[in-house]
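Enquirer: First, the structure itself, so that you have it in front of you.
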Amino acid sequence: SRARDLVFTRLSSLQQTLPHRRIDKTLQFVKAIWEEYDSRKADSSSIVHWLDVMREKGLVITLW
């Protein structure tokens with residue numbers, strides 16, 4: 001949970017400094033991955049892959 005807090009804090013600080021809305025999409029993407037991982041945690045054989053989460057949630061992330 002401390003690692004998640006660190007990631008969220010860093011992304012939130014970027015959100016304050018970057019003029020784009022892309023960081024909002026990145027935060028949404030990270031939260032969606034964490035939610036998916038947490039929901040499948042009981043099933044240890046289940047693997048969560050970020051590409052699957054993007055496709056299922058209809059998220060689009062641009063790198064520039």
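In the structure tokens, the first chain shown is A, the next is B, and so on; residue numbers restart at 1 for each chain, and ligands run from 1 in the order shown.
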For Trp50 in chain A, list every protein, DNA or RNA residue within 9 Å, evaluated using only C-alpha atoms, and leave out those in the same chain fewer than 2 positions away; present the list as a short mmCIF file (atom, residue, chain, number, x, y, z; two decimals) with all heavy atoms, in the first residue's frame.
Expert:
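For reference, result-v7.cif as written:
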```
data_model
loop_
_atom_site.label_atom_id
_atom_site.label_comp_id
_atom_site.auth_asym_id
_atom_site.auth_seq_id
_atom_site.Cartn_x
_atom_site.Cartn_y
_atom_site.Cartn_z
N PHE A 29 -6.15 5.10 -15.51
CA PHE A 29 -5.59 3.83 -15.95
C PHE A 29 -4.94 3.07 -14.78
O PHE A 29 -5.20 1.89 -14.58
CB PHE A 29 -4.57 4.11 -17.06
CG PHE A 29 -3.80 2.92 -17.51
CD1 PHE A 29 -4.43 1.86 -18.12
CD2 PHE A 29 -2.43 2.87 -17.35
CE1 PHE A 29 -3.72 0.76 -18.56
CE2 PHE A 29 -1.70 1.78 -17.77
CZ PHE A 29 -2.35 0.72 -18.38
N VAL A 30 -4.15 3.76 -13.99
CA VAL A 30 -3.48 3.12 -12.85
C VAL A 30 -4.51 2.62 -11.84
O VAL A 30 -4.42 1.49 -11.35
CB VAL A 30 -2.49 4.10 -12.19
CG1 VAL A 30 -1.99 3.57 -10.86
CG2 VAL A 30 -1.32 4.38 -13.13
N ILE A 33 -6.17 -0.56 -13.13
CA ILE A 33 -5.30 -1.74 -12.98
C ILE A 33 -5.32 -2.22 -11.53
O ILE A 33 -5.44 -3.42 -11.27
CB ILE A 33 -3.87 -1.42 -13.44
CG1 ILE A 33 -3.84 -1.24 -14.94
CG2 ILE A 33 -2.90 -2.53 -13.02
CD1 ILE A 33 -2.51 -0.77 -15.48
N VAL A 48 -3.34 -10.42 -14.14
CA VAL A 48 -3.87 -9.16 -14.65
C VAL A 48 -2.78 -8.53 -15.52
O VAL A 48 -1.67 -8.33 -15.08
CB VAL A 48 -4.23 -8.20 -13.49
CG1 VAL A 48 -4.69 -6.87 -14.04
CG2 VAL A 48 -5.29 -8.82 -12.61
N ASP A 52 -4.87 -5.90 -21.20
CA ASP A 52 -6.24 -6.41 -21.07
C ASP A 52 -7.14 -5.41 -20.36
O ASP A 52 -8.28 -5.20 -20.75
CB ASP A 52 -6.24 -7.74 -20.31
CG ASP A 52 -5.52 -8.84 -21.05
OD1 ASP A 52 -5.47 -8.79 -22.29
OD2 ASP A 52 -5.01 -9.76 -20.38
N VAL A 53 -6.61 -4.78 -19.32
CA VAL A 53 -7.39 -3.77 -18.59
C VAL A 53 -7.72 -2.60 -19.51
O VAL A 53 -8.85 -2.11 -19.52
CB VAL A 53 -6.64 -3.30 -17.33
CG1 VAL A 53 -7.36 -2.13 -16.66
CG2 VAL A 53 -6.45 -4.45 -16.35
N MET A 54 -6.75 -2.16 -20.29
CA MET A 54 -7.00 -1.05 -21.23
C MET A 54 -8.12 -1.40 -22.21
O MET A 54 -9.02 -0.61 -22.45
CB MET A 54 -5.73 -0.72 -22.02
CG MET A 54 -4.75 0.13 -21.28
SD MET A 54 -3.30 0.54 -22.28
CE MET A 54 -4.01 1.54 -23.56
N ARG A 55 -8.05 -2.60 -22.76
CA ARG A 55 -9.05 -3.03 -23.75
C ARG A 55 -10.43 -3.15 -23.11
O ARG A 55 -11.43 -2.67 -23.65
CB ARG A 55 -8.62 -4.35 -24.36
CG ARG A 55 -9.52 -4.81 -25.48
CD ARG A 55 -9.01 -6.05 -26.20
NE ARG A 55 -8.13 -6.92 -25.45
CZ ARG A 55 -8.54 -7.92 -24.65
NH1 ARG A 55 -9.82 -8.15 -24.48
NH2 ARG A 55 -7.67 -8.67 -24.01
#
```
Enquirer: Here is a test: counting only C-alpha atoms, which residue of A:Lys57, A:Thr9, A:Arg2, A:Arg22 is nearest to Glu35 in chain A?
Expert: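 For Glu35 in chain A, the nearest of the given residues is A:Lys57.
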Enquirer: Which residues are near Trp34 in chain A? Cut-off 12 Å, only C-alpha atoms, ignore same chain within fewer than 3 positions. Put them as a PyMOL selection string.
Expert: chain A and resi 1+3-5+7-8+27-31+37-41+48-50+53
Enquirer: When you draw a straight line from CA of Gly58 in chain A to CA of Ile23 in chain A, how long is it in Å?
Expert: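 Value for the CA of Gly58 in chain A-CA of Ile23 in chain A distance: 16.3 Å.
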